[in-house]
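**Q** Submitted below is the structure of interest, expressed as structure tokens.
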Amino acid sequence: MAAGVWAAEQPLDKRLLDCPYDDVELLGKAVTRGDGWYPIGLAIHVWNGAVFGAVYSNVAEYLPVPRVLRGPMVALSEHLALWPLGSVSDRLHPARRQLPELRGNTRAFAQSTVRHVLFGVVLGELERRLNAAPEATPPPSQLDFSTNGHGSIERAVSGERI
């Protein structure tokens, strides 16, 4: 889901930063240069995000930073570690003439930074909600109602007022 939010946000940062760098296009045109590059690129992008999210969900609790910073920290770490591979893409990508050059492109770097922060925030929040500790239920003796929602038979028999 976080990668889908990223892909949905891309047109905005492309317009704001006046840079055509597009991750979905980069991935899709690595597979095909035909009209089907967008759905293929989106599928690859979402799949990559899902794999990243699965790994993240298994290591997040061990990260020594506040929970709210975990997702963005991990996403930005990945961004900074892999950004230098953009120069490889500039040389070897099958559609390199159709894509903006990444090496030395500060606007593309800024776009990727924004996208990774957004991805990390969404990923961290999803992980927090999906892996939240279950709320403790009170012991049965403290319940004021039965499981069928009609109240406690013990209170009805004892005549105790609610």
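Just so we're on the same page: first chain in the structure tokens is A, next is B, and so on; residues restart at 1 for each chain, and ligands are numbered from 1 in the order they show up.
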As an MDAnalysis selection string, list the residues of region 36-128 of chain A assigned to helix (DSSP H, G or I) by DSSP on the backbone atoms of this structure.

**A** chainID A and resid 37:62 67:92 96:98 106:128

**Q** Could you name the residues that touch Val122 (chain A) at 9 Å or less, counting only C-alpha atoms, but leaving out those on the same chain fewer than 2 positions away, as a ChimeraX atom specification?

**A** /A:1-3,5,71-72,117-120,124-127

**Q** Using CA of Leu76 (chain A) and CA of Ala108 (chain A) as the two end points, give the distance in Å to one decimal.

**A**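 About the pair CA of Leu76 (chain A) and CA of Ala108 (chain A): they are 14.5 Å apart.
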
**Q** Can you write out as a Markdown table which residues of region 53-131 of chain A fall within 8 Å of region 23-42 of chain A, alongside each residue's closest atom pair and its distance in Å to one decimal, counting only C-alpha atoms and ordering rows by chain and ascending residue number?

**A**
```
| residue | atom | partner | partner_atom | distance |
| --- | --- | --- | --- | --- |
| A:His93 | CA | A:Ala30 | CA | 6.4 |
| A:Pro94 | CA | A:Ala30 | CA | 5.9 |
| A:Ala95 | CA | A:Lys29 | CA | 6.1 |
| A:Leu99 | CA | A:Leu26 | CA | 7.3 |
```

**Q** If you keep C-alpha atoms, can you produce a file of those selected residues as a CSV table (one decimal), in the first residue's frame?

**A**
```
chain,number,residue,atom,x,y,z
A,93,HIS,CA,19.0,1.0,-18.7
A,94,PRO,CA,17.4,-0.2,-22.0
A,95,ALA,CA,15.3,3.1,-22.2
A,99,LEU,CA,14.6,8.8,-19.1
```

**Q** Restricting the calculation to only C-alpha atoms, which member of A:Leu16, A:Val74, A:Ala132, A:Leu82 is positioned closest to Val55 (chain A)?

**A**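 Smallest separation from Val55 (chain A) among the options: A:Val74.
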
**Q** What's the separation between CA of Pro134 (chain A) and CA of Glu61 (chain A), in Å to one decimal place?

**A**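 Taking CA of Pro134 (chain A) as the start and CA of Glu61 (chain A) as the end point, the length is 15.9 Å.
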